[in-house]
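Just below is one structure, and these are the notes that go with it.
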Amino acid sequence: MEYLFHGSSGYYHVLVPHQAYDTGFQEGCKNAVYATSNKNMALAFALGAIPNKNGEIERVMLPEYGDVMVFEKGTPNYGGRGYLYVLDKSKFQHALGTQWVCFEEIVPLEIQEINVDDYLHLCLVKENL
């Protein structure tokens, strides 16, 4: 069996499709569960997102940064927990690049809890520069 990964700051027994919004590509704007074949990319999403002092969050993943989540506004959830979901690839359709989509609820094969601070090498916080 081949696997995909989904990262989140929330713990869920079942992943439910949500409407996504991505300014970079249309395939990123579906009502679906998104997953990736890139484990580090999923881990970057598991870092969570805490608003800045103005209540803003803006985070992006850009090819020029590799597998790094760039926080334009806000920060990862320092000191918190995140979750890496391992999913059955056969339930997904290819979207673009390493991104895959599933249009129905999916039960993870495995859920791994992570300490956000152990994965800060997967993010860049620009507001603090």
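In the structure tokens, chains take the letters A, B, ... in the order shown, each chain's residues start at 1, and ligands count up from 1 in the order shown.
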
Quiz prompt | Distance query Gly66 (chain A) at most 10 Å, only C-alpha atoms, self and fewer than 3 positions along chain excluded, as a PyMOL selection string | solution = chain A and resi 40-41+61-63+69+122

Keeping only N, CA, C and O atoms, write the selected residues to a file as an mmCIF file, in the first residue's frame.
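Written out: result37.cif:
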data_model
loop_
_atom_site.group_PDB
_atom_site.id
_atom_site.type_symbol
_atom_site.label_atom_id
_atom_site.label_comp_id
_atom_site.auth_asym_id
_atom_site.auth_seq_id
_atom_site.Cartn_x
_atom_site.Cartn_y
_atom_site.Cartn_z
ATOM 1 N N ASN A 40 7.654 15.971 4.794
ATOM 2 C CA ASN A 40 8.075 17.239 5.406
ATOM 3 C C ASN A 40 7.068 18.356 5.150
ATOM 4 O O ASN A 40 6.847 19.211 6.003
ATOM 5 N N MET A 41 6.451 18.354 3.984
ATOM 6 C CA MET A 41 5.434 19.358 3.682
ATOM 7 C C MET A 41 4.250 19.193 4.635
ATOM 8 O O MET A 41 3.736 20.176 5.182
ATOM 9 N N MET A 61 3.771 28.128 1.163
ATOM 10 C CA MET A 61 4.890 27.253 0.815
ATOM 11 C C MET A 61 5.252 27.589 -0.622
ATOM 12 O O MET A 61 4.404 27.501 -1.508
ATOM 13 N N LEU A 62 6.484 28.015 -0.826
ATOM 14 C CA LEU A 62 6.955 28.430 -2.138
ATOM 15 C C LEU A 62 8.108 27.531 -2.580
ATOM 16 O O LEU A 62 8.963 27.178 -1.763
ATOM 17 N N PRO A 63 8.151 27.174 -3.862
ATOM 18 C CA PRO A 63 9.209 26.275 -4.343
ATOM 19 C C PRO A 63 10.622 26.757 -4.011
ATOM 20 O O PRO A 63 11.497 25.946 -3.709
ATOM 21 N N MET A 69 7.571 26.055 5.428
ATOM 22 C CA MET A 69 6.391 26.905 5.542
ATOM 23 C C MET A 69 6.876 28.308 5.902
ATOM 24 O O MET A 69 7.579 28.485 6.901
ATOM 25 N N LEU A 122 11.398 23.453 9.724
ATOM 26 C CA LEU A 122 10.517 23.409 8.552
ATOM 27 C C LEU A 122 9.707 24.687 8.389
ATOM 28 O O LEU A 122 8.725 24.712 7.660
#

Quiz item: Any idea what's packed within 12 Å of region 83-93 of chain A, counting only C-alpha atoms, ignoring anything in its chain fewer than 3 positions away? Could you give it as a ChimeraX atom specification?
Solution: /A:1-15,17,27,30,32-48,80,96-116,119

Exercise. May I ask which of the residues A:Ala95, A:Val60, A:Val16, A:Ile50 is the closest one to Gly74 (chain A), counting only C-alpha atoms?
Key: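 Of A:Ala95, A:Val60, A:Val16, A:Ile50, the one nearest Gly74 (chain A), counting only C-alpha atoms, is A:Ile50.
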
Practice problem: For each of A:Asp117, A:Pro51, A:Glu58, A:His94, take the minimum atom-to-atom distance to Arg81 (chain A), counting only C-alpha atoms, then give the residue where this is smallest. | Solution: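 Under the stated criterion, the closest residue is A:Asp117.
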
Quiz item: So how many Å separate CA of Lys126 (chain A) and CA of Gly82 (chain A), to one decimal?
Solution: 21.1 Å

Output as a PDB file with N, CA and C atoms, in the first residue's frame all residues of region 5-99 of chain A that backbone DSSP marks as alpha helix (DSSP H).
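The resulting file, out_30.pdb, is shown below:
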ATOM      1  N   LYS A  39       6.384  14.085   3.081  1.00  0.00           N
ATOM      2  CA  LYS A  39       6.159  14.049   4.535  1.00  0.00           C
ATOM      3  C   LYS A  39       6.550  15.364   5.210  1.00  0.00           C
ATOM      4  N   ASN A  40       7.654  15.971   4.794  1.00  0.00           N
ATOM      5  CA  ASN A  40       8.075  17.239   5.406  1.00  0.00           C
ATOM      6  C   ASN A  40       7.068  18.356   5.150  1.00  0.00           C
ATOM      7  N   MET A  41       6.451  18.354   3.984  1.00  0.00           N
ATOM      8  CA  MET A  41       5.434  19.358   3.682  1.00  0.00           C
ATOM      9  C   MET A  41       4.250  19.193   4.635  1.00  0.00           C
ATOM     10  N   ALA A  42       3.816  17.976   4.852  1.00  0.00           N
ATOM     11  CA  ALA A  42       2.716  17.726   5.787  1.00  0.00           C
ATOM     12  C   ALA A  42       3.109  18.132   7.202  1.00  0.00           C
ATOM     13  N   LEU A  43       4.329  17.827   7.599  1.00  0.00           N
ATOM     14  CA  LEU A  43       4.801  18.226   8.935  1.00  0.00           C
ATOM     15  C   LEU A  43       4.791  19.748   9.094  1.00  0.00           C
ATOM     16  N   ALA A  44       5.119  20.481   8.023  1.00  0.00           N
ATOM     17  CA  ALA A  44       5.096  21.942   8.081  1.00  0.00           C
ATOM     18  C   ALA A  44       3.680  22.450   8.366  1.00  0.00           C
ATOM     19  N   PHE A  45       2.668  21.792   7.809  1.00  0.00           N
ATOM     20  CA  PHE A  45       1.281  22.174   8.098  1.00  0.00           C
ATOM     21  C   PHE A  45       0.882  21.801   9.522  1.00  0.00           C
TER      22      PHE A  45
END

Quiz prompt | Nearest-residue call for Val70 (chain A), choices A:Gly55, A:Gln19, A:Ala49, A:Asp118, using only C-alpha atoms | solution =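 With only C-alpha atoms as the atom set, the closest residue is A:Ala49.
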
Quiz item: Hey, what does DSSP flag as strand (DSSP E or B) within region 67-127 of chain A? Can you give it to me as a ChimeraX atom specification?
Solution: /A:69-73,75,81-88,93-96,99-102,106,110-115,123-125

Can you spit out the residues from that selection as a short mmCIF file (atom, residue, chain, number, x, y, z; two decimals), in the first residue's frame, using N, CA, C and O atoms?
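As written to disk, result27.cif reads:
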data_model
loop_
_atom_site.label_atom_id
_atom_site.label_comp_id
_atom_site.auth_asym_id
_atom_site.auth_seq_id
_atom_site.Cartn_x
_atom_site.Cartn_y
_atom_site.Cartn_z
N MET A 69 7.57 26.06 5.43
CA MET A 69 6.39 26.91 5.54
C MET A 69 6.88 28.31 5.90
O MET A 69 7.58 28.48 6.90
N VAL A 70 6.52 29.28 5.08
CA VAL A 70 6.92 30.67 5.32
C VAL A 70 5.75 31.40 5.97
O VAL A 70 4.67 31.51 5.38
N PHE A 71 5.95 31.86 7.18
CA PHE A 71 4.95 32.64 7.91
C PHE A 71 5.18 34.11 7.60
O PHE A 71 6.08 34.73 8.15
N GLU A 72 4.35 34.66 6.70
CA GLU A 72 4.43 36.08 6.38
C GLU A 72 3.85 36.89 7.53
O GLU A 72 4.32 37.97 7.86
N LYS A 73 2.76 36.37 8.12
CA LYS A 73 2.10 36.99 9.27
C LYS A 73 1.72 35.88 10.23
O LYS A 73 1.18 34.86 9.82
N THR A 75 2.75 33.12 13.51
CA THR A 75 3.84 32.21 13.86
C THR A 75 3.31 30.79 13.95
O THR A 75 2.10 30.56 14.05
N ARG A 81 1.46 21.15 20.08
CA ARG A 81 1.45 19.83 19.45
C ARG A 81 0.82 19.94 18.07
O ARG A 81 0.01 20.81 17.80
N GLY A 82 1.21 19.03 17.20
CA GLY A 82 0.62 18.91 15.88
C GLY A 82 0.42 17.44 15.57
O GLY A 82 0.83 16.57 16.36
N TYR A 83 -0.19 17.17 14.41
CA TYR A 83 -0.53 15.79 14.08
C TYR A 83 -0.21 15.51 12.61
O TYR A 83 -0.55 16.29 11.73
N LEU A 84 0.44 14.38 12.40
CA LEU A 84 0.74 13.89 11.06
C LEU A 84 -0.16 12.69 10.81
O LEU A 84 -0.14 11.71 11.56
N TYR A 85 -0.98 12.80 9.78
CA TYR A 85 -1.92 11.75 9.42
C TYR A 85 -1.35 10.95 8.26
O TYR A 85 -0.93 11.52 7.26
N VAL A 86 -1.34 9.63 8.40
CA VAL A 86 -0.90 8.73 7.34
C VAL A 86 -2.17 8.18 6.68
O VAL A 86 -3.05 7.65 7.36
N LEU A 87 -2.26 8.34 5.35
CA LEU A 87 -3.48 8.04 4.61
C LEU A 87 -3.24 7.06 3.46
O LEU A 87 -2.15 7.03 2.88
N ASP A 88 -4.27 6.32 3.12
CA ASP A 88 -4.23 5.36 2.02
C ASP A 88 -4.30 6.12 0.69
O ASP A 88 -5.30 6.76 0.39
N GLN A 93 -7.06 11.36 -5.52
CA GLN A 93 -6.79 11.68 -6.92
C GLN A 93 -5.65 12.70 -6.95
O GLN A 93 -5.58 13.59 -6.09
N HIS A 94 -4.79 12.59 -7.96
CA HIS A 94 -3.68 13.54 -8.08
C HIS A 94 -4.21 14.92 -8.45
O HIS A 94 -5.08 15.06 -9.30
N ALA A 95 -3.71 15.95 -7.78
CA ALA A 95 -4.12 17.34 -8.07
C ALA A 95 -3.04 18.05 -8.86
O ALA A 95 -3.24 18.44 -10.00
N LEU A 96 -1.86 18.21 -8.26
CA LEU A 96 -0.75 18.91 -8.90
C LEU A 96 0.51 18.69 -8.09
O LEU A 96 0.46 18.79 -6.85
N GLN A 99 0.67 17.24 -4.49
CA GLN A 99 -0.65 17.39 -3.86
C GLN A 99 -1.67 16.39 -4.40
O GLN A 99 -1.76 16.19 -5.62
N TRP A 100 -2.47 15.84 -3.49
CA TRP A 100 -3.52 14.88 -3.81
C TRP A 100 -4.80 15.31 -3.10
O TRP A 100 -4.73 15.99 -2.08
N VAL A 101 -5.96 14.90 -3.64
CA VAL A 101 -7.24 15.27 -3.04
C VAL A 101 -8.15 14.06 -2.90
O VAL A 101 -8.12 13.14 -3.71
N CYS A 102 -8.96 14.09 -1.84
CA CYS A 102 -10.00 13.09 -1.60
C CYS A 102 -11.28 13.87 -1.33
O CYS A 102 -11.29 14.78 -0.50
N ILE A 106 -12.30 10.56 5.22
CA ILE A 106 -11.31 9.48 5.21
C ILE A 106 -10.81 9.23 6.63
O ILE A 106 -10.53 10.19 7.38
N GLU A 110 -3.01 5.96 10.39
CA GLU A 110 -2.17 6.21 11.57
C GLU A 110 -2.18 7.71 11.85
O GLU A 110 -2.26 8.52 10.92
N ILE A 111 -2.09 8.07 13.13
CA ILE A 111 -1.99 9.47 13.53
C ILE A 111 -0.78 9.59 14.45
O ILE A 111 -0.71 8.91 15.48
N GLN A 112 0.19 10.42 14.06
CA GLN A 112 1.40 10.62 14.85
C GLN A 112 1.36 12.01 15.48
O GLN A 112 1.23 13.00 14.76
N GLU A 113 1.47 12.08 16.79
CA GLU A 113 1.53 13.38 17.47
C GLU A 113 2.97 13.88 17.43
O GLU A 113 3.91 13.10 17.65
N ILE A 114 3.14 15.17 17.14
CA ILE A 114 4.48 15.75 17.10
C ILE A 114 4.56 16.93 18.06
O ILE A 114 3.55 17.55 18.40
N ASN A 115 5.76 17.24 18.50
CA ASN A 115 6.04 18.47 19.24
C ASN A 115 6.46 19.51 18.21
O ASN A 115 7.44 19.31 17.49
N CYS A 123 10.12 25.76 9.08
CA CYS A 123 9.40 27.02 8.91
C CYS A 123 10.36 28.20 8.96
O CYS A 123 11.47 28.13 9.47
N LEU A 124 9.89 29.31 8.37
CA LEU A 124 10.58 30.59 8.39
C LEU A 124 9.55 31.63 8.80
O LEU A 124 8.53 31.76 8.14
N VAL A 125 9.82 32.35 9.89
CA VAL A 125 8.89 33.36 10.37
C VAL A 125 9.44 34.72 9.97
O VAL A 125 10.42 35.21 10.53
#

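Using only C-alpha atoms, the smallest distance between any of A:Leu120, A:Glu127, A:Asn54, A:Glu64 and Pro76 (chain A) comes from A:Leu120.
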